[in-house]
Every structure is written in C-alpha cells, then in structure tokens.
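**Q** Next up is a structure, given as structure tokens.
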Amino acid sequence: MTNLERDKHSVTGKRMNLMFLVIFISLAVLIFRLSFLQLSQGQELLKSAESNRYITQSIPAPRGLIFDRNKSELVRNKPAFTITFQRLSNDVQNPLMLDATLYEVFAMQPDELWNAMDPYGEMYSLGMARKVVKNATDKQVAYVREHADELPGFNVVVEPIRDYVDGTTASHVIGYLNNIPMDFWKEHKDEYQQTDMIGTAGVEKQYENLLHGKDGTLKVEVNINYQPLKDKRTEDPVKGHDLVLTIDKHIQEAADKALAKTVQDLHRQIPTVKEGAAIAMNPKTGEILSMSSYPSFDPTWWIDGMTNKKYAENFAPAEKNRAITELYFPGSTVKMATVLIGMKEGAIRDPFASILDPGSIYLGDKEIRSWASNLGYVNAYSALAKSSNVYMIKTFQNLSGWRPGMNFTQLESYYANVMPGVLDKIMDYHKSLGLGLQTTGVDLPFENEGQLGTERNIFDWALASFGQNEKYTLMQLASYVSTIANDGKRMQPHVVKTVIAPDGSEQEVQPKVAGETPFTSDQLKVVQKGMYDVTHASYGTFNMFANYSPVIAGKSGTAETGGALKTENSLFVGYAPYDNPEIAVAIIIPDNEANGHSSTTVGPVAKAIFDAYFKKDLNTDDKKQEKP
Amino acid sequence: MSSYKVRWFKDLDIFLILVVLALCAVSMLAISSATHSLEGGSKTYVIKQVVWGLIGLGVMIWLVRTDYRNLTRYVEFGYGVSIVLLILVFFFERVNGAHGWIPLGGFALQPSEFFKVVFILMVAKYLANEQEDEEGRRADPIRNYLFLAVYSVLAIGLIVVEPDLGQTMVLMAILAAAMFVHLPSRVFWTLAGIALVVLAVVVVAVFMYPDQFLTLLDTLVKKGILAQHQYGRFESFIYPERDLAGSGYQVYQAKVAIGSGQMFGKGLYQGSQTQGSWVPEQQTDFIFTVIGEELGFVGSVAVIFLFFLMIYRIVANGLQAGDRTGMYICSMVAGMFTLQIFENIGMSLQLMPMTGVTLPFISYGGSSVLTNFMLTGIVLNIGLRRRKLSFVS
C-alpha cells in the first residue's frame, strides 16, 4: 500500500466516523420525537384513537305506555323497520350513486334523500347512522336487503314505534309525536337523536320527559371502513315511564261517539255546526274521566308520515283541543255564579223572594231580553230553572252602584270610578269558582285562560250576569260546575292518575285542592237546588233528565256568539248524583241555530256520558245479549 | 495489494447477521398484527414474508461467498439489465399512481429496489477508481466522473418519471453518502456548511414558524413559482389535521396510532388503530405505526436501537475494508439504510414529509427484503475480506 493510498484510507475512515456521528444524531432525533409523541402527547392521542375506534349507535328507549284508568292500553309500541345509512369511506361508497339508485324506492325526492343521508356530515357526525326511512314498507325493506351488496352503508334495523290502539279515541288528550324541532334538539343533544320524534301535543308532550326514557348506546368497534370488528360496548336503554290516565276509555268512547254523531246530525240541518267539545270529570278529585273534541285526529297519521293533503284536509281542522284552547261565551251556564255572588254580596237578601221577569229589562234606553217573552215571577231557584236574564241583571244591578236616571256627569263618574271595581269584584268571584282570567292548571299543554270583555261598556256587569261578557274555556266551565258540585272546594283537574316508573314502582297523582270559594254551604245549596230544578221542575229548561236515576243536576246555556251569522253556542254543565256528586260534565256545541234548545243539541251527548258512567249503556247491551 | 485468507468462522460478522435476523423477527410480528384483521387473516402475508426472507438469506450467502471485487467488475452488465427493467415497468399498470412494478404471477418485482444494489456497486467502482487495466494503469478520474454522471442521470431520470419520489430520495442519499466519504476536505466542508445552513433554515421555518412559512409558500404559488398541489403537500405535512379528507389523513392517523401507544404500548394485536386499519399501508410504508402503537415507546426505541447496531456493524465493517471500494460500499449502504429509517419513521412521526420508502427488513414486500439482504451480504463479504494488520509497507 502506497502512502497516498494510506492517506486516502485514513481520510475515508475519518469521514466514515463523522458519518456515523451524523447517523447517531439522526436516530437520536427520532427517539426524541418519539418520546414527545408517546410520552408527553400520548394521553391526548390515545383519546383521538378511542374516538376513532368506536361508532356510537343509539338504541332507542321504548317510550312509556299510556293506559286508561282501568289499565286498558291506549298507546303502546310496536316494532317497525327503519332503514339507516352509515357513511363509509369513498373507496367503498359513492353517496351520489346510492341516492340516484334509491330515491324512487324510498318514494322521496333526490335532494330529500340526500339530506337524510347527509354524507358529508353537515348535520350528523360521520360515525352516526342516520335514519333515512322510518316505518319502512315491506317492499323497501326487501329491496335494501336483497341489494345489500350494492348498497354499502344501508341497513335495516328494527325500532319500536308508537301504536295508538284506538285511533281517534282520546286523541286530544293523548296528543301525538312529530319530528323534533331543530332548536329543541340543539339544546338536548344528549337526550335525543336528531332523527327522533318528540311529543308535540297532549300527554305525549306534557309528559315527554317521563315518557321518553333514556336511549341506550351501542358502541361498536369499527375499522376504517366502519365495518364492525369484534367487541361491542353497550349501555342499555332505560324504558320511559308508563302513564295511567284518569280517562275512562268506556266513557271517552261514548262521549266521542255521541259528540261526533250529534255534530254530524246537526251539521246536516245547520251547516254552521262543525265542532264540539265535552268534558267529564270527578268533582271530588279533579280526575278527568273523558275529554272529547270534535273533529278529532288519529295520532297514527304522524307515525305513518303526514302528507300535505292529509294535513290540510284531516289534521288541520282537528288539531285544536277545543276543550282547553277555545274560548266561548258561557251564556246561562254562568248564572249559578251570579246567584252566588248576589247572595254573598247581599244583592239577593232572600233567595225565595220573587221578582217579575216580564221577558225583558231596560237599562237606560237599552233593552235586554230573556230567552222567553214572559217568565212570570222568579226567585233564585226558579230564575236558574227558567234561566231568567232579568233576575240575573237585577241581581248585579243591586251591587253595581248604577241607578236608573243618573245624569251624564254621574254616569261618567260611575264609568270611571265605580264600574271597574264592580267588574273586578265579579271576576274575583269567578276566579274562585275556576272561571276568570286564569287557567285551570290541567296537565295538558296549550291550555288557554279566560278572556274578559274587551269593549268596556257601561253595562258590562249586566252582560256578565248571564254570560255574555267574558269568554271561558270548556275546561274552566267543567272546573266551575265541579266546584259547585263539590260544595265549593275546587279541585285541580288532571288527566294523569298514576306514573309507573321503569322499575314498576307506581306513584299516584294526589288530588290537589286548587282553591276554596268564599260562599257558604247554604248559598251553594241554593244554586245546587236551582240546578236540580233545571233538570227536574216542570218549568226547568233541561228537564229531559227528570226521571233519570241517579239524580242529575245541571244548567243549560245558549250564548250569542256575536258573529255575523247570528249563531249561538249550546252548552250544558251538570253533575250527578245530586246528593253525592261523582261526575261533572261540561259540553259545548258552538255555532248552533239562534234560539236553539240546548237540551236537543247537547242533551244527547250529556246523556251518553251519564249513561256510560252509570253503566246504563252496558245494561242494555247485556239485556240484548241475554234475550236470544 | 495485501493478501488475505477467508477465515469464515473468525471473520464472518455473526453479530450483524443476528441483528438482521432480530429485525426480521420484529417484521413478522408487526406484519402479522397489521394484517390480523384483514379478510383472510395474516397467514398469507407472514408466509410470503418468510419465503422472501429465506430467499434473501440464500442470496446473501451466495453474495458472501463471491468476492465483491468480482461483483464490481460486472456492474455495467447489471446496470444494463436494470435499465431494461426500469423501462419495462412503464408497460405495466400503475400501482398507487406509479409505474414501479413488474407483475410476475403471484408477486411483483420492483426494479428500482434492485437497482440500488447495482447503483452502490457502480458508484463505489467509479469513485474508488481502483481498477487497473492490463498494463496496470488506472482510468482518468475525470472520465470516471463523467461516466458515473451519465449512468446516474439516466437511471434516476427513469425512476423520477415513474414517478417514485421515495426511491429517488434513496438514490440521492446513496450518492450523498458516497460524496460524504469521497470528497476532498475543502469541498466537503464547504458543502457540509451549506447543507447545515439549509437544514437549519428548513427546520426553523417548518417547525418554529409554520404559519409564516406557509404564507411565504402561498405567495410563491400566487407568483406561479410553486404548484398548488406542492403547496398542499407542505400544508398537510405541517397541519395534517386540516386535510383529513386528503393526504393529511394518513399522517394524522399514524401520529395518533404511535402516540396512543404511550410507554409500553397496547400489546401485540391489541392496538385499535392497527386492528381497525386506520393507517393506510400499515403493513408496508407505515409499519412503524404498528410497532409504536402496540409495543409503545420501549418497543420503538428497541427497534431503533437494533437499527443503530446494524448500521454500527456496517460502518465497522467498512472501516476495516481491504480497499476503498469496500469502504465506499459500506458507507453508501449505511447512508441508504439511515435515510430509509429516518424518512420512514420520520414520516410516521410527522417529522418528515410523506414518501413511499420502506423500513429496512421490517416493511412487508419481497423486493425490498431481497435488496436489503443482498446489501447485507455484500457488507459481510467486505468484512470477510478485511484489511489485515500489515507489517510490510
């Protein structure tokens, strides 16, 4: 080896040592970086890995069932097919093509299906399966299953859906489900899926938090294509609470049927008659035994999918629960209140004292008529039985501070200083009876409160005496007649009797006293007797129940609606048995013919409810069955 | 030239062989885990890898027995064959967007892998310039450089056109390693200084001022100097989270996989990222994510340490080589492996941009394993024919 060679060798050797140093440093850099990722960022990156690892599917909690008071099923759940879509990677899935293939099968518009699939996670997280078709038809299910290979991501799952056993029966009390509103969902993301349905009316809405239960989650370990791997972590769903309603299905069906038939029959003669409502409740407990509103809907329409046509033609007219949302002039049914206030305020000193009802009365130059031309002499009892307007007006005139022959200045001063106080006093009494500017507090959504007269006429107190000044809901009238029947103790009306927790423990809803009236029991007895006379005296306006057993007391009413058509609302409030009330009813059929008789319009509905309650309708059925 | 005698059991670098076999064992475990949850299981992958390993061992033994100086003698022939193969790849279908493979029934050949062996031998031969003609004259060094330049440009050009950025980088690294030990001091230190400055600038720009760096690149794009997709590559390297729908996804998932392994790892077959195949190409280019996730920091450092030992033995063998050709070969092999290790692990750690470079002896793939064994064989060969302590001069 030459010197030159040896030099070159040694230079190369030195360089190789230097290179080895560089190599050493490079590998050290790797280890340094590794320690940063694995040791200082490890915990955080582990979380990312875990969020990769699982997709969460929600297992819908079965919604609580709804029973009537005798534990007869009103609402249950049934299994139905839901077609879901899970976004997979682009390698295995082409959302655009899937949309084009399926939108016709699913009877949807392409963009409708595209939004439901949400392939780019604009609404739902990518790991979540979207419900594309709910309550899918057998044909759709069969298509998806047969073409499973060509439809990556599509799946058929079985989910419980609502089954409304009796269709329209008590539908306004039960309510219905509709798609969860976006705003609501945003605030309750933990409890609901965006594709859930939520109680939108009735008990379904009022008790949503109890009925809903808690959805379970299915955590499936998946690979990059969201294909499930081995283990699944689940959190079991917690079933919703069951509800036992105070509603008696038998009474409800009788009331629904009678109301529907009566309205339909009337409609044929008087086209303005299109609707009606009826409430039956236990005056001692406030339990609502039936609540009908005609026309009614079938909550199943929402489960099957509401079409625009069906919505406009069938649902929209039936949507309102007329028993709690609509306001009506109570007409003569309010007269018990007038008599009670009169006695309490000393305007009626002796209920037996008679005055003449010549059929009309002049207040200043304004004539107000009774319903008949001459009712003769009336006292507190017969004034109710005959439904005398004159007696009621005179009663309130005694406490109104208005005197005939006041001059203009006196009238002006009266209008400004005295009259408002008089009306306020009347309203306070009304309130104590369940009427007035308040809701009854029934456990149903969208209940309206009463409405005072808006015109502020100088004779408003006179109109108030026979129910043409304020407007009340039928629920308020039911509460009012119940309060009278229950000797002045006003019970809060309610529709839920028992709440059954998922573990089976039952919690009874205790009757709640909403208030006591300031009237003495003697005073209450006067109006009770008056109501007895309404249904029993020969001159009673509603004596169709004269021979009914047990004894029914009541009060009819016809109220001018004030509309251009000059129609009147037919009303009846009453209770039975007279000496120990178990059931109170309030019924209205609005927009009846002027001067129509309540007994012929709402009478059949009242009879059907009492028959159903006292099982008279069953007896006839039983006899029929026994005869042959 | 000093004479020597092949003393098999005394001079064969058993230690290097053991390290390589240990890496192969790690490879089997990692491939088995990476393919564990795939349809059909990991069996076929592991068996294929074992078969390639055995073939590699055979080729290695054959290469140990053949004097490397005889190999360099016929390197032009090998080069010719390589060029033909590198042209042939264009007649076959692209794999992952590049013409890199020649399918042969059950497996595919990657000519650019084998070309690395030829290239190393050729560079060594022309740079060391130790061949003598019959009259004992050495070739003119300038002529050698010219030949080398032409040969390199032709082959590397073909690989660039495939396009295979990874292999191009590897070939450049081989050349750089050769230059590292070959260049005269003044040139070397000048270049080393420039390289250090460039490296420092890049590191500071990318890791310490990423946003300013991207803004600068963006202006370059607007001026038409840089293409948009090139900009995208930088962006997804610096912020993989911003481009999860594209190339950032793989880098992000790799980082998540390795990081989530923490100190001791999740255990073999227990890594959710690996078993869920969250990191694409996890049995080949991204195999280090399997090691990082399932064997943790401890396992990862152990693997890196094995690589360190391997390179240490390669350099040690080179230092004792009987001639400069041997030294150059060992330097280039060490440089090549280091580049592959650094680039491969580095891209999984979001330290280097993503390119298709395999992790030596560990990534799944026949061509790569075979090439690695061939180079190991040549290094062992050089070690056997080491320079003896000579008392004569």
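We name chains A, B, ... following the order of the structure tokens; residues begin at 1 in each chain, and ligands are numbered from 1 as shown.
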At a cut-off of 9 Å, using only C-alpha atoms, what residues contact Gly78 in chain B? Leave out same-chain residues fewer than 4 positions from it and give the result as JSON, numbers by chain.

**A** {"B": [74, 82, 83, 115, 118]}

**Q** Would you pick out the contacts of range 52-62 of chain A at 7 Å or less, using only C-alpha atoms, so that residues sharing its chain but fewer than 2 positions from it are not included, and give the list as an MDAnalysis selection string?

**A** (chainID A and resid 48:50 64 127:129 160 213:222 237:240) or (chainID B and resid 272)

**Q** What would the file look like if the residues just selected were written as a tab-separated table (two decimals), in the first residue's frame with N, CA and C atoms?

**A**
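Result file follows (selection-v5.tsv):
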chain	number	residue	atom	x	y	z
A	48	SER	N	-57.85	10.47	20.91
A	48	SER	CA	-58.19	10.52	19.49
A	48	SER	C	-58.38	9.11	18.94
A	49	ALA	N	-57.49	8.22	19.37
A	49	ALA	CA	-57.58	6.84	18.89
A	49	ALA	C	-58.89	6.21	19.34
A	50	GLU	N	-59.28	6.51	20.58
A	50	GLU	CA	-60.51	5.93	21.10
A	50	GLU	C	-61.73	6.49	20.36
A	64	GLY	N	-92.72	5.24	27.11
A	64	GLY	CA	-93.66	4.75	28.11
A	64	GLY	C	-95.03	4.49	27.49
A	127	GLY	N	-69.75	9.33	12.22
A	127	GLY	CA	-69.78	7.99	12.79
A	127	GLY	C	-71.19	7.51	13.12
A	128	MET	N	-72.17	8.39	12.93
A	128	MET	CA	-73.52	8.05	13.37
A	128	MET	C	-74.39	7.59	12.22
A	129	ALA	N	-75.13	6.51	12.45
A	129	ALA	CA	-76.05	6.04	11.42
A	129	ALA	C	-77.26	6.96	11.38
A	160	PRO	N	-88.81	0.39	17.92
A	160	PRO	CA	-90.19	0.49	18.39
A	160	PRO	C	-90.81	1.79	17.90
A	213	GLY	N	-87.89	8.24	28.31
A	213	GLY	CA	-86.90	7.26	28.75
A	213	GLY	C	-85.51	7.72	28.38
A	214	LYS	N	-84.54	6.81	28.46
A	214	LYS	CA	-83.17	7.20	28.14
A	214	LYS	C	-82.65	6.24	27.08
A	215	ASP	N	-82.27	6.79	25.95
A	215	ASP	CA	-81.76	5.95	24.87
A	215	ASP	C	-80.49	5.23	25.31
A	216	GLY	N	-80.35	4.01	24.85
A	216	GLY	CA	-79.11	3.29	25.11
A	216	GLY	C	-78.13	3.59	24.00
A	217	THR	N	-76.90	3.23	24.21
A	217	THR	CA	-75.93	3.40	23.14
A	217	THR	C	-75.25	2.08	22.85
A	218	LEU	N	-74.99	1.90	21.60
A	218	LEU	CA	-74.28	0.71	21.16
A	218	LEU	C	-72.95	1.22	20.63
A	219	LYS	N	-71.89	0.88	21.33
A	219	LYS	CA	-70.58	1.31	20.87
A	219	LYS	C	-69.95	0.16	20.11
A	220	VAL	N	-69.80	0.33	18.84
A	220	VAL	CA	-69.26	-0.75	18.03
A	220	VAL	C	-67.85	-0.39	17.62
A	221	GLU	N	-66.93	-1.29	17.88
A	221	GLU	CA	-65.56	-1.05	17.44
A	221	GLU	C	-65.52	-1.27	15.93
A	222	VAL	N	-65.00	-0.28	15.23
A	222	VAL	CA	-65.03	-0.38	13.78
A	222	VAL	C	-63.65	-0.18	13.19
A	237	PRO	N	-80.76	0.78	27.05
A	237	PRO	CA	-81.74	1.85	27.12
A	237	PRO	C	-82.61	1.69	28.36
A	238	VAL	N	-83.07	2.82	28.87
A	238	VAL	CA	-84.00	2.79	30.00
A	238	VAL	C	-85.37	3.18	29.48
A	239	LYS	N	-86.29	2.28	29.61
A	239	LYS	CA	-87.65	2.47	29.13
A	239	LYS	C	-88.28	3.71	29.78
A	240	GLY	N	-89.18	4.36	29.06
A	240	GLY	CA	-89.86	5.52	29.62
A	240	GLY	C	-90.86	5.11	30.69
B	272	SER	N	-55.96	-0.47	18.69
B	272	SER	CA	-57.22	-0.23	17.97
B	272	SER	C	-56.95	0.41	16.61

**Q** Residues near range 320-337 of chain B, anyone? I mean within 6 Å using only C-alpha atoms, not counting same-chain ones fewer than 5 positions away, as a ChimeraX atom specification.

**A** /B:124,128,173-174,177-178,311,314,382,386-387

**Q** Set the distance at 10 Å and use only C-alpha atoms: which residues neighbour Leu158 in chain B once local chain neighbours fewer than 5 positions away are removed? I'd like the list as a list of chain:residue names.

**A** B:Ile83, B:Leu86, B:Ile87, B:Val89, B:Phe90, B:Ser112, B:Ser152, B:Val153, B:Pro163, B:Asp164, B:Thr168

**Q** May I have all residues of range 542-602 of chain A that DSSP, computed from the backbone, assigns to alpha helix (DSSP H), given as an MDAnalysis selection string?

**A** chainID A and resid 598:601

**Q** Write out the residues from the selection above, keeping all heavy atoms, as a short mmCIF file (atom, residue, chain, number, x, y, z; two decimals), in the first residue's frame.

**A**
data_model
loop_
_atom_site.label_atom_id
_atom_site.label_comp_id
_atom_site.auth_asym_id
_atom_site.auth_seq_id
_atom_site.Cartn_x
_atom_site.Cartn_y
_atom_site.Cartn_z
N SER A 598 -130.82 23.87 24.00
CA SER A 598 -129.65 23.10 24.39
C SER A 598 -130.00 21.64 24.59
O SER A 598 -129.22 20.76 24.25
CB SER A 598 -129.07 23.64 25.69
OG SER A 598 -128.75 24.98 25.53
N SER A 599 -131.19 21.41 25.16
CA SER A 599 -131.50 20.03 25.51
C SER A 599 -131.51 19.14 24.28
O SER A 599 -131.09 17.99 24.34
CB SER A 599 -132.85 19.96 26.23
OG SER A 599 -133.84 20.57 25.44
N THR A 600 -131.93 19.69 23.16
CA THR A 600 -131.96 18.84 21.97
C THR A 600 -130.59 18.73 21.32
O THR A 600 -130.31 17.77 20.62
CB THR A 600 -132.94 19.41 20.93
OG1 THR A 600 -132.59 20.77 20.71
CG2 THR A 600 -134.37 19.30 21.42
N THR A 601 -129.71 19.72 21.54
CA THR A 601 -128.40 19.65 20.89
C THR A 601 -127.37 18.95 21.74
O THR A 601 -126.87 17.89 21.38
CB THR A 601 -127.91 21.06 20.50
OG1 THR A 601 -128.03 21.89 21.65
CG2 THR A 601 -128.72 21.64 19.39
#

**Q** Give me, as a list in words, all polymer residues having an atom no more than 8 Å from Tyr126 in chain B, counting only C-alpha atoms and skipping those fewer than 2 positions away in the same chain.

**A**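 Here the answer would be Met122, Val123, Ala124, Ala128, Asn129, Asn144, Tyr145 and Leu148 of chain B.
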
**Q** Those same residues, written as a compact mmCIF listing (two decimals), in the first residue's frame with N, CA and C atoms?

**A**
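Contents of selection_26.txt, freshly written:
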# COMPACT_ATOMS: atom_id res chain seq x y z
N MET B 122 -21.71 0.40 -8.52
CA MET B 122 -21.19 1.19 -9.61
C MET B 122 -20.53 2.47 -9.10
N VAL B 123 -21.23 3.14 -8.18
CA VAL B 123 -20.66 4.37 -7.63
C VAL B 123 -19.32 4.06 -6.96
N ALA B 124 -19.30 2.96 -6.18
CA ALA B 124 -18.07 2.59 -5.48
C ALA B 124 -16.94 2.35 -6.48
N ALA B 128 -13.91 5.00 -6.39
CA ALA B 128 -12.66 4.49 -5.81
C ALA B 128 -11.58 4.40 -6.87
N ASN B 129 -12.02 4.12 -8.09
CA ASN B 129 -11.09 4.11 -9.21
C ASN B 129 -9.87 3.23 -8.94
N ASN B 144 -14.02 8.88 -15.26
CA ASN B 144 -14.89 8.11 -14.36
C ASN B 144 -16.09 8.91 -13.88
N TYR B 145 -15.81 10.15 -13.48
CA TYR B 145 -16.91 11.00 -13.00
C TYR B 145 -17.95 11.19 -14.09
N LEU B 148 -20.01 8.12 -14.58
CA LEU B 148 -20.89 7.98 -13.43
C LEU B 148 -22.09 8.93 -13.54

**Q** Using only C-alpha atoms, find each residue in chain B having at least one atom no more than 8 Å away from chain A; report its shortest atom-to-atom pair and that distance in Å (one decimal), rows by chain then rising number, as a Markdown table.

**A**
| residue | atom | partner | partner_atom | distance |
| --- | --- | --- | --- | --- |
| B:Met1 | CA | A:Met1 | CA | 6.3 |
| B:Ser2 | CA | A:Met1 | CA | 7.6 |
| B:Phe180 | CA | A:Arg15 | CA | 6.8 |
| B:Val181 | CA | A:Arg15 | CA | 5.0 |
| B:His182 | CA | A:Thr12 | CA | 6.6 |
| B:Lys255 | CA | A:Leu37 | CA | 7.5 |
| B:Val256 | CA | A:Leu45 | CA | 5.1 |
| B:Ala257 | CA | A:Ala49 | CA | 6.7 |
| B:Ile258 | CA | A:Gln38 | CA | 6.6 |
| B:Gly259 | CA | A:Gln38 | CA | 4.1 |
| B:Ser260 | CA | A:Leu46 | CA | 4.0 |
| B:Gly261 | CA | A:Gln38 | CA | 6.3 |
| B:Gln262 | CA | A:Gln38 | CA | 4.3 |
| B:Met263 | CA | A:Leu39 | CA | 6.3 |
| B:Ser272 | CA | A:Arg53 | CA | 6.2 |
| B:Gln273 | CA | A:Ala49 | CA | 6.5 |
| B:Gln275 | CA | A:Asn223 | CA | 7.2 |
| B:Gly276 | CA | A:Asn223 | CA | 3.6 |
| B:Ser277 | CA | A:Ile224 | CA | 5.8 |
| B:Trp278 | CA | A:Ile224 | CA | 5.0 |
| B:Gly296 | CA | A:Gln38 | CA | 7.4 |
| B:Phe297 | CA | A:Gln38 | CA | 6.3 |
| B:Val301 | CA | A:Ile31 | CA | 6.4 |
| B:Ile304 | CA | A:Leu27 | CA | 7.0 |
| B:Phe308 | CA | A:Phe24 | CA | 7.4 |
| B:Tyr312 | CA | A:Phe20 | CA | 7.5 |
| B:Val315 | CA | A:Met16 | CA | 7.0 |
| B:Leu319 | CA | A:Gly13 | CA | 5.8 |
| B:Asp323 | CA | A:His9 | CA | 7.8 |
| B:Arg324 | CA | A:His9 | CA | 6.6 |
| B:Met327 | CA | A:Thr12 | CA | 7.5 |
| B:Ser331 | CA | A:Met16 | CA | 6.7 |
| B:Gly335 | CA | A:Ile23 | CA | 7.8 |
| B:Thr338 | CA | A:Ile23 | CA | 6.5 |
| B:Phe342 | CA | A:Ser26 | CA | 6.9 |
| B:Ile345 | CA | A:Leu30 | CA | 7.4 |
| B:Gly346 | CA | A:Leu30 | CA | 6.7 |
| B:Leu349 | CA | A:Leu34 | CA | 7.0 |
| B:Leu351 | CA | A:Arg33 | CA | 7.8 |
| B:Ser393 | CA | A:Met1 | CA | 6.0 |

**Q** Compile the contact shell of Gly167 in chain A as a list in words: residues with an atom at most 8 Å away, counting only C-alpha atoms, same-chain residues fewer than 2 positions apart removed.

**A** Tyr164, Val165, Thr169, Ser171, Phe297, Asp298, Pro299 and Thr300 of chain A

**Q** Restrict the selected residues to all heavy atoms and save them as an mmCIF file, in the first residue's frame.

**A**
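The new file result_35.cif reads:
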data_model
loop_
_atom_site.group_PDB
_atom_site.id
_atom_site.type_symbol
_atom_site.label_atom_id
_atom_site.label_comp_id
_atom_site.auth_asym_id
_atom_site.auth_seq_id
_atom_site.Cartn_x
_atom_site.Cartn_y
_atom_site.Cartn_z
ATOM 1 N N TYR A 164 -101.094 3.652 18.338
ATOM 2 C CA TYR A 164 -102.255 4.227 19.025
ATOM 3 C C TYR A 164 -103.431 3.273 18.834
ATOM 4 O O TYR A 164 -104.029 3.209 17.765
ATOM 5 C CB TYR A 164 -102.554 5.626 18.493
ATOM 6 C CG TYR A 164 -101.404 6.573 18.764
ATOM 7 C CD1 TYR A 164 -100.405 6.783 17.817
ATOM 8 C CD2 TYR A 164 -101.286 7.207 19.986
ATOM 9 C CE1 TYR A 164 -99.324 7.622 18.083
ATOM 10 C CE2 TYR A 164 -100.218 8.051 20.260
ATOM 11 C CZ TYR A 164 -99.244 8.251 19.309
ATOM 12 O OH TYR A 164 -98.185 9.070 19.562
ATOM 13 N N VAL A 165 -103.715 2.518 19.887
ATOM 14 C CA VAL A 165 -104.587 1.367 19.783
ATOM 15 C C VAL A 165 -105.972 1.731 19.246
ATOM 16 O O VAL A 165 -106.508 1.054 18.389
ATOM 17 C CB VAL A 165 -104.723 0.689 21.161
ATOM 18 C CG1 VAL A 165 -105.611 -0.534 21.064
ATOM 19 C CG2 VAL A 165 -103.341 0.319 21.685
ATOM 20 N N THR A 169 -109.705 7.808 19.454
ATOM 21 C CA THR A 169 -110.216 7.897 20.825
ATOM 22 C C THR A 169 -109.245 8.655 21.728
ATOM 23 O O THR A 169 -108.078 8.300 21.825
ATOM 24 C CB THR A 169 -110.460 6.496 21.405
ATOM 25 O OG1 THR A 169 -111.380 5.832 20.563
ATOM 26 C CG2 THR A 169 -111.010 6.567 22.816
ATOM 27 N N SER A 171 -107.738 11.244 21.354
ATOM 28 C CA SER A 171 -106.510 11.679 20.683
ATOM 29 C C SER A 171 -106.058 13.054 21.164
ATOM 30 O O SER A 171 -104.872 13.329 21.215
ATOM 31 C CB SER A 171 -106.700 11.677 19.170
ATOM 32 O OG SER A 171 -107.777 12.509 18.811
ATOM 33 N N PHE A 297 -108.480 13.632 15.486
ATOM 34 C CA PHE A 297 -107.472 13.091 14.546
ATOM 35 C C PHE A 297 -106.956 11.768 15.075
ATOM 36 O O PHE A 297 -107.202 11.414 16.230
ATOM 37 C CB PHE A 297 -106.325 14.084 14.377
ATOM 38 C CG PHE A 297 -105.603 14.399 15.656
ATOM 39 C CD1 PHE A 297 -104.554 13.587 16.095
ATOM 40 C CD2 PHE A 297 -105.966 15.503 16.431
ATOM 41 C CE1 PHE A 297 -103.889 13.875 17.282
ATOM 42 C CE2 PHE A 297 -105.305 15.784 17.621
ATOM 43 C CZ PHE A 297 -104.271 14.975 18.051
ATOM 44 N N ASP A 298 -106.257 11.095 14.231
ATOM 45 C CA ASP A 298 -105.617 9.836 14.633
ATOM 46 C C ASP A 298 -104.108 10.083 14.714
ATOM 47 O O ASP A 298 -103.468 10.406 13.709
ATOM 48 C CB ASP A 298 -105.920 8.750 13.598
ATOM 49 C CG ASP A 298 -105.377 7.398 14.010
ATOM 50 O OD1 ASP A 298 -104.534 7.348 14.937
ATOM 51 O OD2 ASP A 298 -105.778 6.393 13.409
ATOM 52 N N PRO A 299 -103.513 9.970 15.891
ATOM 53 C CA PRO A 299 -102.069 10.251 16.037
ATOM 54 C C PRO A 299 -101.206 9.382 15.137
ATOM 55 O O PRO A 299 -100.052 9.719 14.847
ATOM 56 C CB PRO A 299 -101.787 9.923 17.509
ATOM 57 C CG PRO A 299 -103.109 9.897 18.189
ATOM 58 C CD PRO A 299 -104.128 9.537 17.159
ATOM 59 N N THR A 300 -101.778 8.267 14.677
ATOM 60 C CA THR A 300 -101.016 7.370 13.802
ATOM 61 C C THR A 300 -100.631 8.054 12.494
ATOM 62 O O THR A 300 -99.633 7.698 11.877
ATOM 63 C CB THR A 300 -101.874 6.125 13.496
ATOM 64 O OG1 THR A 300 -102.408 5.644 14.716
ATOM 65 C CG2 THR A 300 -101.051 5.038 12.842
#

**Q** From a backbone DSSP assignment, name each residue in range 379-568 of chain A labelled strand (DSSP E), as a ChimeraX atom specification.

**A** /A:489-491,496-500,506-508,513-516,553-560,568
